[in-house]
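Printed here is structure01.cif (mmCIF, C-alpha atoms (C1' of nucleotides)):
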```cif
data_final
loop_
_atom_site.label_atom_id
_atom_site.label_comp_id
_atom_site.auth_asym_id
_atom_site.auth_seq_id
_atom_site.Cartn_x
_atom_site.Cartn_y
_atom_site.Cartn_z
CA MET S 1 13.68 107.16 -57.56
CA HIS S 2 9.96 107.51 -57.73
CA LYS S 3 8.32 108.79 -60.89
CA GLN S 4 7.56 112.47 -61.20
CA SER S 5 6.48 114.60 -64.10
CA LYS S 6 8.97 117.08 -65.44
CA LYS S 7 6.92 119.87 -63.97
CA GLU S 8 6.74 118.36 -60.51
CA ARG S 9 10.45 117.76 -60.61
CA PHE S 10 11.07 121.35 -61.58
CA GLU S 11 8.92 122.67 -58.74
CA GLU S 12 10.73 120.41 -56.29
CA PHE S 13 14.06 121.60 -57.66
CA ARG S 14 13.05 125.23 -57.32
CA LYS S 15 11.90 124.67 -53.77
CA ILE S 16 15.11 122.96 -52.69
CA CYS S 17 17.22 125.70 -54.24
CA ARG S 18 15.22 128.36 -52.44
CA GLU S 19 15.45 126.55 -49.11
CA ASN S 20 19.19 126.53 -49.48
CA GLY S 21 19.51 130.14 -50.50
CA LEU S 22 20.48 129.36 -54.07
CA ASN S 23 19.32 131.41 -57.01
CA VAL S 24 17.48 129.43 -59.65
CA THR S 25 19.51 130.15 -62.75
CA PRO S 26 19.12 128.78 -66.27
CA GLN S 27 22.45 127.00 -65.93
CA ARG S 28 21.42 125.27 -62.73
CA ILE S 29 18.10 124.22 -64.22
CA ALA S 30 19.79 122.87 -67.31
CA VAL S 31 22.42 120.90 -65.44
CA TYR S 32 19.85 119.39 -63.15
CA GLU S 33 17.52 118.45 -66.02
CA VAL S 34 20.28 116.65 -67.88
CA LEU S 35 21.38 114.74 -64.81
CA ALA S 36 17.86 113.85 -63.77
CA GLY S 37 17.14 112.55 -67.26
CA ALA S 38 20.37 110.60 -67.61
CA LYS S 39 20.46 106.87 -67.22
CA ASN S 40 24.16 106.38 -66.79
CA HIS S 41 25.67 108.44 -63.98
CA PRO S 42 27.37 110.94 -66.23
CA SER S 43 30.55 112.87 -65.53
CA ALA S 44 30.66 116.66 -65.55
CA GLU S 45 32.22 116.49 -68.99
CA GLU S 46 29.35 114.39 -70.34
CA ILE S 47 26.75 116.73 -68.92
CA PHE S 48 28.63 119.63 -70.42
CA ARG S 49 28.60 118.01 -73.86
CA CYS S 50 24.83 117.50 -73.67
CA LEU S 51 24.33 121.17 -72.98
CA VAL S 52 26.87 122.94 -75.07
CA SER S 53 24.81 123.01 -78.29
CA ASP S 54 21.83 124.65 -76.58
CA PHE S 55 24.08 126.75 -74.41
CA PRO S 56 27.16 127.66 -76.43
CA GLU S 57 28.57 130.00 -73.85
CA LEU S 58 28.34 127.54 -70.94
CA SER S 59 31.67 126.84 -69.25
CA ILE S 60 32.75 123.49 -67.90
CA ASP S 61 33.65 125.17 -64.64
CA THR S 62 30.02 126.12 -64.17
CA VAL S 63 29.02 122.49 -64.57
CA TYR S 64 31.51 121.38 -61.94
CA ARG S 65 30.58 124.20 -59.59
CA THR S 66 26.89 123.53 -60.00
CA LEU S 67 27.22 119.80 -59.39
CA ASN S 68 29.37 120.36 -56.32
CA THR S 69 26.80 122.76 -54.96
CA PHE S 70 23.98 120.32 -55.60
CA ALA S 71 25.86 117.53 -53.87
CA GLN S 72 26.49 119.75 -50.85
CA ILE S 73 22.81 120.44 -50.37
CA GLY S 74 21.92 116.80 -50.93
CA LEU S 75 20.02 117.34 -54.16
CA ILE S 76 22.22 114.83 -55.96
CA ARG S 77 24.92 112.40 -54.91
CA ILE S 78 28.42 111.70 -56.06
CA VAL S 79 28.87 108.12 -57.14
CA GLU S 80 31.26 106.11 -54.98
CA GLY S 81 34.15 107.03 -57.25
CA TYR S 82 34.33 110.50 -55.70
CA GLY S 83 36.79 111.60 -58.37
CA GLU S 84 39.71 111.75 -56.00
CA ALA S 85 43.11 110.24 -56.56
CA ARG S 86 42.98 106.49 -57.03
CA ARG S 87 43.77 104.53 -53.88
CA TYR S 88 44.90 101.00 -53.29
CA ASP S 89 44.20 98.19 -50.87
CA PRO S 90 46.57 95.31 -50.20
CA ASP S 91 43.71 93.30 -48.69
CA THR S 92 42.14 91.13 -51.37
CA GLN S 93 39.91 89.23 -48.95
CA PRO S 94 36.24 90.23 -48.78
CA HIS S 95 35.77 93.13 -46.43
CA HIS S 96 33.92 96.41 -46.20
CA HIS S 97 34.69 100.11 -46.12
CA PHE S 98 33.62 103.10 -44.17
CA ARG S 99 34.51 106.33 -45.90
CA CYS S 100 34.64 109.76 -44.31
CA LEU S 101 33.07 112.34 -46.58
CA LYS S 102 35.16 115.09 -45.06
CA CYS S 103 38.71 113.76 -44.78
CA SER S 104 38.36 110.82 -47.18
CA ARG S 105 39.77 108.38 -44.66
CA ILE S 106 38.77 104.80 -45.35
CA VAL S 107 38.35 102.34 -42.52
CA ASP S 108 38.19 98.64 -43.31
CA PHE S 109 35.96 96.42 -41.30
CA GLU S 110 34.68 92.92 -41.38
CA ASN S 111 31.15 91.91 -40.65
CA PRO S 112 29.78 88.41 -41.01
CA GLU S 113 26.30 89.59 -41.88
CA PHE S 114 27.59 91.83 -44.67
CA SER S 115 29.80 89.08 -46.00
CA ARG S 116 26.88 86.71 -46.30
CA LEU S 117 24.86 88.85 -48.72
CA LYS S 118 23.20 86.98 -51.52
CA ILE S 119 23.58 88.57 -54.95
CA PRO S 120 20.22 89.21 -56.66
CA ASP S 121 19.38 86.61 -59.30
CA VAL S 122 18.88 89.11 -62.11
CA LEU S 123 22.43 90.33 -61.81
CA GLN S 124 23.83 86.91 -61.08
CA ARG S 125 22.43 85.67 -64.36
CA LYS S 126 23.53 88.56 -66.56
CA CYS S 127 26.90 89.56 -65.20
CA ARG S 128 29.98 88.00 -63.70
CA ILE S 129 30.20 89.36 -60.19
CA THR S 130 33.70 89.28 -58.75
CA GLY S 131 33.31 91.42 -55.68
CA VAL S 132 30.71 92.44 -53.15
CA LYS S 133 31.26 95.08 -50.57
CA VAL S 134 29.28 97.33 -48.33
CA VAL S 135 30.31 100.97 -48.43
CA LEU S 136 29.28 103.20 -45.56
CA GLU S 137 29.59 106.95 -45.86
CA GLY S 138 29.56 109.56 -43.17
CA LEU S 139 31.80 111.51 -40.82
CA CYS S 140 34.59 109.78 -38.95
CA GLU S 141 35.36 110.18 -35.26
CA GLU S 142 38.06 112.81 -35.79
CA CYS S 143 36.00 114.93 -38.14
CA LEU S 144 33.04 114.82 -35.77
CA ASN S 145 35.17 116.22 -32.93
CA ARG S 146 35.88 119.49 -34.69
CA MET J 1 44.14 89.87 -44.19
CA HIS J 2 45.72 87.16 -42.15
CA LYS J 3 49.03 87.72 -40.40
CA GLN J 4 52.20 86.73 -42.16
CA SER J 5 55.85 87.36 -41.49
CA LYS J 6 57.63 89.71 -43.83
CA LYS J 7 59.55 86.78 -45.24
CA GLU J 8 56.47 84.69 -45.93
CA ARG J 9 54.86 87.65 -47.56
CA PHE J 10 57.88 88.16 -49.76
CA GLU J 11 57.91 84.51 -50.88
CA GLU J 12 54.21 84.71 -51.64
CA PHE J 13 54.79 87.90 -53.60
CA ARG J 14 57.62 86.34 -55.59
CA LYS J 15 55.50 83.32 -56.37
CA ILE J 16 52.54 85.34 -57.61
CA CYS J 17 54.77 87.49 -59.81
CA ARG J 18 56.34 84.39 -61.34
CA GLU J 19 53.00 82.76 -61.98
CA ASN J 20 51.97 85.85 -63.87
CA GLY J 21 55.15 86.14 -65.89
CA LEU J 22 56.31 89.28 -64.09
CA ASN J 23 59.93 89.94 -63.28
CA VAL J 24 60.64 90.51 -59.62
CA THR J 25 62.30 93.90 -59.60
CA PRO J 26 63.45 96.02 -56.65
CA GLN J 27 60.83 98.62 -57.58
CA ARG J 28 58.01 96.10 -57.50
CA ILE J 29 59.18 94.67 -54.21
CA ALA J 30 59.43 98.12 -52.68
CA VAL J 31 56.00 99.27 -53.87
CA TYR J 32 54.38 96.12 -52.62
CA GLU J 33 56.10 96.32 -49.24
CA VAL J 34 54.93 99.87 -48.67
CA LEU J 35 51.37 99.09 -49.65
CA ALA J 36 51.25 95.91 -47.60
CA GLY J 37 52.52 97.78 -44.56
CA ALA J 38 50.24 100.78 -44.96
CA LYS J 39 47.19 101.24 -42.81
CA ASN J 40 45.38 103.82 -44.83
CA HIS J 41 44.79 102.87 -48.47
CA PRO J 42 47.43 105.16 -49.88
CA SER J 43 47.46 106.83 -53.27
CA ALA J 44 50.27 106.30 -55.77
CA GLU J 45 51.64 109.67 -54.76
CA GLU J 46 51.77 108.69 -51.08
CA ILE J 47 53.54 105.44 -51.85
CA PHE J 48 55.97 107.33 -54.01
CA ARG J 49 56.76 109.73 -51.18
CA CYS J 50 57.48 106.83 -48.82
CA LEU J 51 59.99 105.42 -51.24
CA VAL J 52 61.73 108.38 -52.74
CA SER J 53 64.30 108.83 -49.97
CA ASP J 54 65.49 105.22 -50.20
CA PHE J 55 65.08 105.23 -53.94
CA PRO J 56 65.95 108.66 -55.23
CA GLU J 57 65.73 107.73 -58.88
CA LEU J 58 62.28 106.14 -58.66
CA SER J 59 59.72 107.70 -60.97
CA ILE J 60 56.07 108.24 -60.14
CA ASP J 61 55.15 106.60 -63.40
CA THR J 62 56.73 103.38 -62.19
CA VAL J 63 54.58 103.46 -59.08
CA TYR J 64 51.42 103.91 -61.13
CA ARG J 65 52.45 101.24 -63.62
CA THR J 66 53.36 98.80 -60.90
CA LEU J 67 50.12 99.28 -58.99
CA ASN J 68 48.05 98.89 -62.15
CA THR J 69 49.88 95.68 -62.94
CA PHE J 70 49.35 94.35 -59.43
CA ALA J 71 45.64 95.15 -59.59
CA GLN J 72 45.33 93.36 -62.92
CA ILE J 73 46.75 90.14 -61.53
CA GLY J 74 44.65 90.42 -58.39
CA LEU J 75 47.54 90.93 -56.00
CA ILE J 76 46.02 94.14 -54.71
CA ARG J 77 42.73 95.94 -55.22
CA ILE J 78 41.75 99.44 -56.18
CA VAL J 79 39.55 101.06 -53.59
CA GLU J 80 36.04 101.84 -54.78
CA GLY J 81 37.16 105.29 -55.90
CA TYR J 82 38.81 103.87 -59.02
CA GLY J 83 40.39 107.24 -59.73
CA GLU J 84 38.26 107.94 -62.75
CA ALA J 85 36.40 111.15 -63.44
CA ARG J 86 33.87 111.97 -60.78
CA ARG J 87 30.33 110.88 -61.61
CA TYR J 88 26.95 111.94 -60.36
CA ASP J 89 23.67 110.33 -59.42
CA PRO J 90 20.36 112.17 -59.32
CA ASP J 91 18.87 109.42 -57.16
CA THR J 92 19.24 110.33 -53.51
CA GLN J 93 17.14 107.44 -52.24
CA PRO J 94 18.95 104.41 -50.80
CA HIS J 95 19.95 102.08 -53.59
CA HIS J 96 22.87 99.99 -54.71
CA HIS J 97 25.37 99.87 -57.53
CA PHE J 98 26.86 97.31 -59.81
CA ARG J 99 30.01 98.52 -61.48
CA CYS J 100 31.64 97.01 -64.54
CA LEU J 101 35.40 96.83 -64.08
CA LYS J 102 35.95 96.96 -67.81
CA CYS J 103 33.67 99.67 -69.19
CA SER J 104 32.94 101.46 -65.90
CA ARG J 105 29.20 101.32 -66.48
CA ILE J 106 27.20 101.62 -63.28
CA VAL J 107 23.85 99.93 -62.93
CA ASP J 108 21.56 100.95 -60.09
CA PHE J 109 19.42 98.40 -58.42
CA GLU J 110 17.21 98.09 -55.43
CA ASN J 111 17.13 95.16 -53.11
CA PRO J 112 15.12 94.97 -49.92
CA GLU J 113 17.61 92.71 -48.19
CA PHE J 114 20.50 95.06 -48.92
CA SER J 115 18.50 98.05 -47.78
CA ARG J 116 17.82 96.47 -44.42
CA LEU J 117 21.45 96.10 -43.36
CA LYS J 118 22.18 96.92 -39.77
CA ILE J 119 25.23 99.09 -39.23
CA PRO J 120 27.73 97.53 -36.83
CA ASP J 121 27.59 99.01 -33.32
CA VAL J 122 31.26 99.96 -33.18
CA LEU J 123 30.90 102.25 -36.18
CA GLN J 124 27.46 103.44 -35.16
CA ARG J 125 28.88 104.66 -31.87
CA LYS J 126 31.98 106.37 -33.20
CA CYS J 127 30.90 107.89 -36.50
CA ARG J 128 27.90 109.55 -38.05
CA ILE J 129 26.80 107.27 -40.84
CA THR J 130 24.81 109.01 -43.55
CA GLY J 131 24.76 106.41 -46.28
CA VAL J 132 24.89 102.68 -46.74
CA LYS J 133 25.23 101.01 -50.07
CA VAL J 134 26.24 97.70 -51.49
CA VAL J 135 28.72 97.90 -54.33
CA LEU J 136 29.08 94.92 -56.63
CA GLU J 137 31.99 94.69 -59.03
CA GLY J 138 32.43 92.50 -62.05
CA LEU J 139 31.84 92.36 -65.77
CA CYS J 140 28.61 93.56 -67.29
CA GLU J 141 26.53 91.72 -69.87
CA GLU J 142 27.99 93.63 -72.83
CA CYS J 143 31.60 93.21 -71.76
CA LEU J 144 31.05 89.50 -71.18
CA ASN J 145 29.82 89.04 -74.77
CA ARG J 146 33.10 90.10 -76.34
"C1'" DT I 1 15.90 152.36 -60.66
"C1'" DC I 2 20.13 151.77 -57.81
"C1'" DT I 3 22.81 148.85 -54.86
"C1'" DT I 4 24.46 144.64 -53.14
"C1'" DT I 5 25.19 139.92 -53.58
"C1'" DT I 6 25.45 135.94 -56.22
"C1'" DT I 7 26.65 133.64 -60.32
"C1'" DT I 8 28.91 133.12 -64.42
"C1'" DA I 9 32.52 132.76 -68.44
"C1'" DA I 10 37.10 132.61 -69.70
"C1'" DG I 11 41.11 131.05 -69.32
"C1'" DA I 12 45.08 130.13 -66.35
"C1'" DA I 13 46.64 126.99 -62.86
"C1'" DT I 14 46.98 122.70 -60.52
"C1'" DA I 15 46.68 117.81 -59.84
"C1'" DA I 16 46.34 113.06 -61.38
"C1'" DT I 17 47.53 109.82 -64.71
"C1'" DT I 18 49.41 108.01 -68.91
"C1'" DC I 19 52.43 107.99 -72.97
"C1'" DT I 20 56.93 108.03 -75.55
"C1'" DT I 21 61.45 106.83 -75.96
"C1'" DA I 22 65.92 105.52 -74.98
"C1'" DT I 23 68.38 103.02 -71.50
"C1'" DA I 24 68.95 99.51 -67.85
"C1'" DC I 25 67.95 95.27 -65.75
"C1'" DA I 26 66.05 90.33 -64.86
"C1'" DG I 27 65.91 85.76 -66.03
"C1'" DG I 28 67.07 82.01 -68.94
"C1'" DA I 29 70.49 79.70 -71.95
"C1'" DA I 30 75.19 78.61 -73.12
"C1'" DT Y 1 79.67 83.49 -65.11
"C1'" DT Y 2 78.54 85.73 -69.50
"C1'" DC Y 3 75.56 86.75 -73.10
"C1'" DC Y 4 71.03 87.37 -75.11
"C1'" DT Y 5 66.32 88.63 -75.29
"C1'" DG Y 6 62.50 90.50 -73.64
"C1'" DT Y 7 60.74 93.18 -69.92
"C1'" DA Y 8 60.88 97.13 -66.96
"C1'" DT Y 9 62.48 101.60 -65.85
"C1'" DA Y 10 63.42 106.87 -65.66
"C1'" DA Y 11 62.62 111.18 -67.51
"C1'" DG Y 12 59.90 114.23 -68.97
"C1'" DA Y 13 56.26 115.50 -72.19
"C1'" DA Y 14 51.38 115.01 -72.88
"C1'" DT Y 15 46.73 114.39 -71.48
"C1'" DT Y 16 42.81 114.63 -68.62
"C1'" DA Y 17 40.19 116.16 -64.65
"C1'" DT Y 18 39.32 119.73 -61.59
"C1'" DT Y 19 39.74 124.13 -59.35
"C1'" DC Y 20 41.09 128.98 -59.00
"C1'" DT Y 21 41.18 133.98 -60.31
"C1'" DT Y 22 39.11 137.78 -62.08
"C1'" DA Y 23 36.09 140.74 -64.26
"C1'" DA Y 24 31.56 141.00 -66.13
"C1'" DA Y 25 26.64 139.73 -65.95
"C1'" DA Y 26 22.51 138.58 -63.71
"C1'" DA Y 27 19.48 138.28 -59.79
"C1'" DA Y 28 17.48 139.94 -55.52
"C1'" DG Y 29 16.40 143.52 -52.44
"C1'" DA Y 30 15.45 148.40 -51.34
#
```

For the file at hand, write its structure as structure tokens.
Amino acid sequence: MHKQSKKERFEEFRKICRENGLNVTPQRIAVYEVLAGAKNHPSAEEIFRCLVSDFPELSIDTVYRTLNTFAQIGLIRIVEGYGEARRYDPDTQPHHHFRCLKCSRIVDFENPEFSRLKIPDVLQRKCRITGVKVVLEGLCEECLNR
Amino acid sequence: MHKQSKKERFEEFRKICRENGLNVTPQRIAVYEVLAGAKNHPSAEEIFRCLVSDFPELSIDTVYRTLNTFAQIGLIRIVEGYGEARRYDPDTQPHHHFRCLKCSRIVDFENPEFSRLKIPDVLQRKCRITGVKVVLEGLCEECLNR
DNA sequence: TCTTTTTTAAGAATAATTCTTATACAGGAA
DNA sequence: TTCCTGTATAAGAATTATTCTTAAAAAAGA
């Protein structure tokens, strides 16, 4: 993400809300500011906890609703966890996933190029990497034909 | 995953359980068989529903427990959803994620090679791909030093 | 200002997952 | 086989994450 001042970010935020027909409310500003300033991909609960002292009457539902709205207009993204029910894969060999954002279907695929990726040195040195996969997101064939 | 007969798969399963000090119970066999035969990365609930008619006294907790155990010994994998609370990312630019399997920390990183990946034609033709990311899994620096 | 539409808070409702506890079963030893 | 010990299970309560319902509040438009 490229550096912006707080003010620039706010103007950008305001503009995107307007373009999408969303009112610019104090709650929306606050939620966005916390997320934009966070370093750790917070959950709705964590964002809520950051805000509740300044905003005692804020409800957790508003945080969820706001974040869902932001994700729908592309202002933020949901991390690849998606918060849905956990799902399992019997295939422990290296392979890759396409995930439909609408119906949540996951399609496995193999791809030699993807399986040859070299892990960046910085990470290699600091962490123990046990898995590498490419995750594609989008709309699947079925959801497109509707 | 390479093709195996049901019998071979069962022997392999038995062997892996033994090596990990796990009893081979009818419930474990059944859960593994359903997952291994499934095409769609099912949730615990879906696996449970497949089994409940043959196994009326099976409890959903057993399915969860069994799958968690299998994932811990590396017999199966959890799809990149992980089933934890949903988390959000203010960075909408293409970038990649390292995820710690122990503490769930996510570290963003950029990498020109990863950002240049070419989407396979088959998928490109059938689906609308809106995002591409590389997801690394493993143990982070902090969790390693413990 | 008045009206209409959007947004919110509150708390109930639902869904996903784990915990507690008493019982049942698997595997090894006799 | 039978018995013993530790492991695994069912049942249901408990917890956590998320969404829904509804009435009130705030914003935008006239």

| task | Specify as JSON, numbers by chain all residues of chain I found within 9 Å of chain J, counting all atoms listed in the file. | result | {"I": [16, 17, 18, 25, 26, 27]}

| task | Hey, list the chain Y side of the contact with chain J: 12 Å cut-off, only C-alpha atoms (C1' of nucleotides), answer as a PyMOL selection string. | result | chain Y and resi 6-12+16-18

Kindly assemble as a tab-separated table a list of the chain J residues that lie within 6 Å of chain S, each paired with its nearest atom pair and their distance in Å to one decimal, using all atoms listed in the file, sorted first by chain and then by ascending residue number.
```
residue	atom	partner	partner_atom	distance
J:Met1	CA	S:Asp91	CA	5.7
J:Ala36	CA	S:Pro90	CA	5.4
J:His41	CA	S:Tyr88	CA	5.2
J:Pro42	CA	S:Arg87	CA	5.5
J:Ser43	CA	S:Arg87	CA	4.4
J:Ile76	CA	S:Pro90	CA	4.7
J:Arg77	CA	S:Asp89	CA	5.1
J:Ile78	CA	S:Tyr88	CA	4.6
J:Val79	CA	S:Tyr88	CA	5.4
J:Gly81	CA	S:Gly81	CA	3.7
J:Tyr82	CA	S:Arg86	CA	5.3
J:Gly83	CA	S:Arg86	CA	3.8
J:Glu84	CA	S:Gly83	CA	5.9
J:Ala85	CA	S:Gly83	CA	5.1
J:Arg86	CA	S:Gly83	CA	3.8
J:Arg87	CA	S:Ser43	CA	4.4
J:Tyr88	CA	S:Ile78	CA	4.6
J:Asp89	CA	S:Arg77	CA	5.1
J:Pro90	CA	S:Ile76	CA	4.7
J:Asp91	CA	S:Met1	CA	5.7
J:Thr92	CA	S:Ile76	CA	5.9
J:Lys126	CA	S:Glu141	CA	5.5
J:Cys127	CA	S:Cys140	CA	4.8
J:Arg128	CA	S:Leu139	CA	5.2
J:Ile129	CA	S:Gly138	CA	4.3
J:Thr130	CA	S:Gly138	CA	4.8
J:Gly131	CA	S:Glu137	CA	4.9
J:Val132	CA	S:Leu136	CA	4.6
J:Lys133	CA	S:Val135	CA	5.3
J:Val134	CA	S:Val134	CA	4.4
J:Val135	CA	S:Lys133	CA	5.3
J:Leu136	CA	S:Val132	CA	4.6
J:Glu137	CA	S:Gly131	CA	4.9
J:Gly138	CA	S:Ile129	CA	4.3
J:Leu139	CA	S:Arg128	CA	5.2
J:Cys140	CA	S:Cys127	CA	4.8
J:Glu141	CA	S:Cys127	CA	5.2
```

Please return the centre and edge lengths, in Å to one decimal, of a box with edges along x, y and z that contains all listed atoms of segment 124-129 of chain S, widened by 6 Å on every side, as AutoDock Vina command-line options.
```
--center_x 26.3 --center_y 87.6 --center_z -63.4 --size_x 19.8 --size_y 15.9 --size_z 18.4
```

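Taken over the whole file, the PyMOL selection byres ((chain Y and resi 14) around 8) covers exactly DC19 of chain I; DA13 and DT15 of chain Y.
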
| field | Point-to-point distance from atom C1' of DA29 of chain I to atom CA of Glu11 of chain J, Å rounded to tenths | value |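 A separation of 25.0 Å between them.
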
| field | Atom-to-atom span, atom CA of Glu8 of chain J and atom CA of Val52 of chain J, Å | value | 25.2 Å

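The gap separating atom CA of Ser115 of chain J from atom CA of Cys17 of chain S is 28.4 Å, in Å to one decimal.
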
| request: Write out as an NGL selection string the residues lying within 12 Å of DA24 of chain Y, counting only C-alpha atoms (C1' of nucleotides) and excluding same-chain residues fewer than 2 positions away. | output: (:I and (7-10)) or (:Y and (22 or 26))

| Output check: residues returned by the PyMOL selection byres ((chain I and resi 13) around 8), as a count of residues only | 3
